[in-house]
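Inspection log for the structure reproduced underneath, given as structure tokens.
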Amino acid sequence: MPLNLKNIDYIRDLSFPQAPDFGLKLGELLTQTQQGVNNIEQQTNSSATGAPNPPPALNSLSVSASNGHFNIEINHSGASFYRGIQYFVEHDSSPQFTAPHVIDMGASRNASVFLGNTKRYFRAYAAYPGSGPGPLAYHATNGQPQLVSGGGSVPGAAFGTSQGSGTGTAGQGHSGPGPVPYRTTTGKPPVR
């Protein structure tokens with residue numbers, strides 16, 4: 001969201017006997033500052049006045065498995081988005097994702113992970129470093145999450161307690177870098 005300066009025309013019209021072009025010069029300075037802030041916002045997908053919007057919805061998520069190796073493919077074509085986008089995949093034994101385990105895929109839309117001969121449900125989403133998470137996409141059939149079986153003879157390690165990601169809490173899914181800019185145990189922001 002671009003930074004807009006209020007009352008810039010009023011400021012440009014300010015004039016004082018000892019500095020008749022004061023308003024014009026101040027307006028110039030503020031306009032250059034506004035342009036610089038807007039350039040930084042665009043280049044970093046950030047916002048000086050609030051959190052940036054999350055990326056648009058993913059087109060689809062496809063997961064296949066063999067011998068305990070799960071191949072993950074996120075399709076995000078036909079959407080416009082900024083540099084710095086990050087992709088996250090979550091897997092769980094429950095189609096309700098009550099204790100999802102998060103895989104941070106970074107900028108990649110493909111991953112291969114070994115989970116062993118286990119059965120898991122998968123979902124994915126995208127986020128920017130400063131935004132909340134975008135909409136969820138499920139590995140699904142007819143809108144229902146579809147179970148993927150790892151296969152093979154190696155069972156894989158037991159899954160520990162889900163710890164979430166970013167500023168999300170343990171067991172919380174769909175967080176990406178975090179649902180809030182700062183997480184605290186005291187309820188107060190850090191002192192700088």
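By convention in this document, the chains of the structure tokens carry letters A, B, ... by their order, each chain's residues are numbered from 1, and ligands are numbered from 1 in the order they are shown.
Within 10 Å of Leu26 of chain A, once only C-alpha atoms are used and residues closer than 3 positions along the same chain are dropped, the contacting residues are Ile8, Ile11, Arg12, Asp13, Leu14, Asp21, Phe22, Gly23, Leu29, Leu30, Thr31 and Gln32 of chain A.
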- [ ] Write out as a ChimeraX atom specification which residues come within 12 Å of segment 160-167 of chain A when counting only C-alpha atoms, dropping same-chain ones fewer than 6 positions away.
- [x] /A:88-93,97-104,127-133,173-185
TODO: Would you mind listing what lies within 10 Å of Ala79 of chain A as a ChimeraX atom specification, with only C-alpha atoms counted and same-chain residues fewer than 6 positions away left out?
DONE: /A:55-59
Task: Minimum-distance residue to Gln96 of chain A, chosen among A:Gly27, A:Pro155, A:Pro145, A:Pro2 (using only C-alpha atoms) - done: A:Pro145
- [ ] Go through A:Ser77, A:Ala124, A:Phe70, A:Val154 and flag the residue nearest Ala111 of chain A, using only C-alpha atoms for the distances.
- [x] A:Phe70
Task: Of the listed residues A:Leu115, A:Ala19, A:Ile40, A:Ala51, that which approaches Phe159 of chain A most closely, counting only C-alpha atoms - done: A:Leu115
Task: 7 Å contact set for His69 of chain A, only C-alpha atoms, chain neighbours under 5 positions out, as a list of chain:residue names - done: A:Ser112, A:Val113, A:Phe114, A:Leu115, A:Gly116, A:Gly150
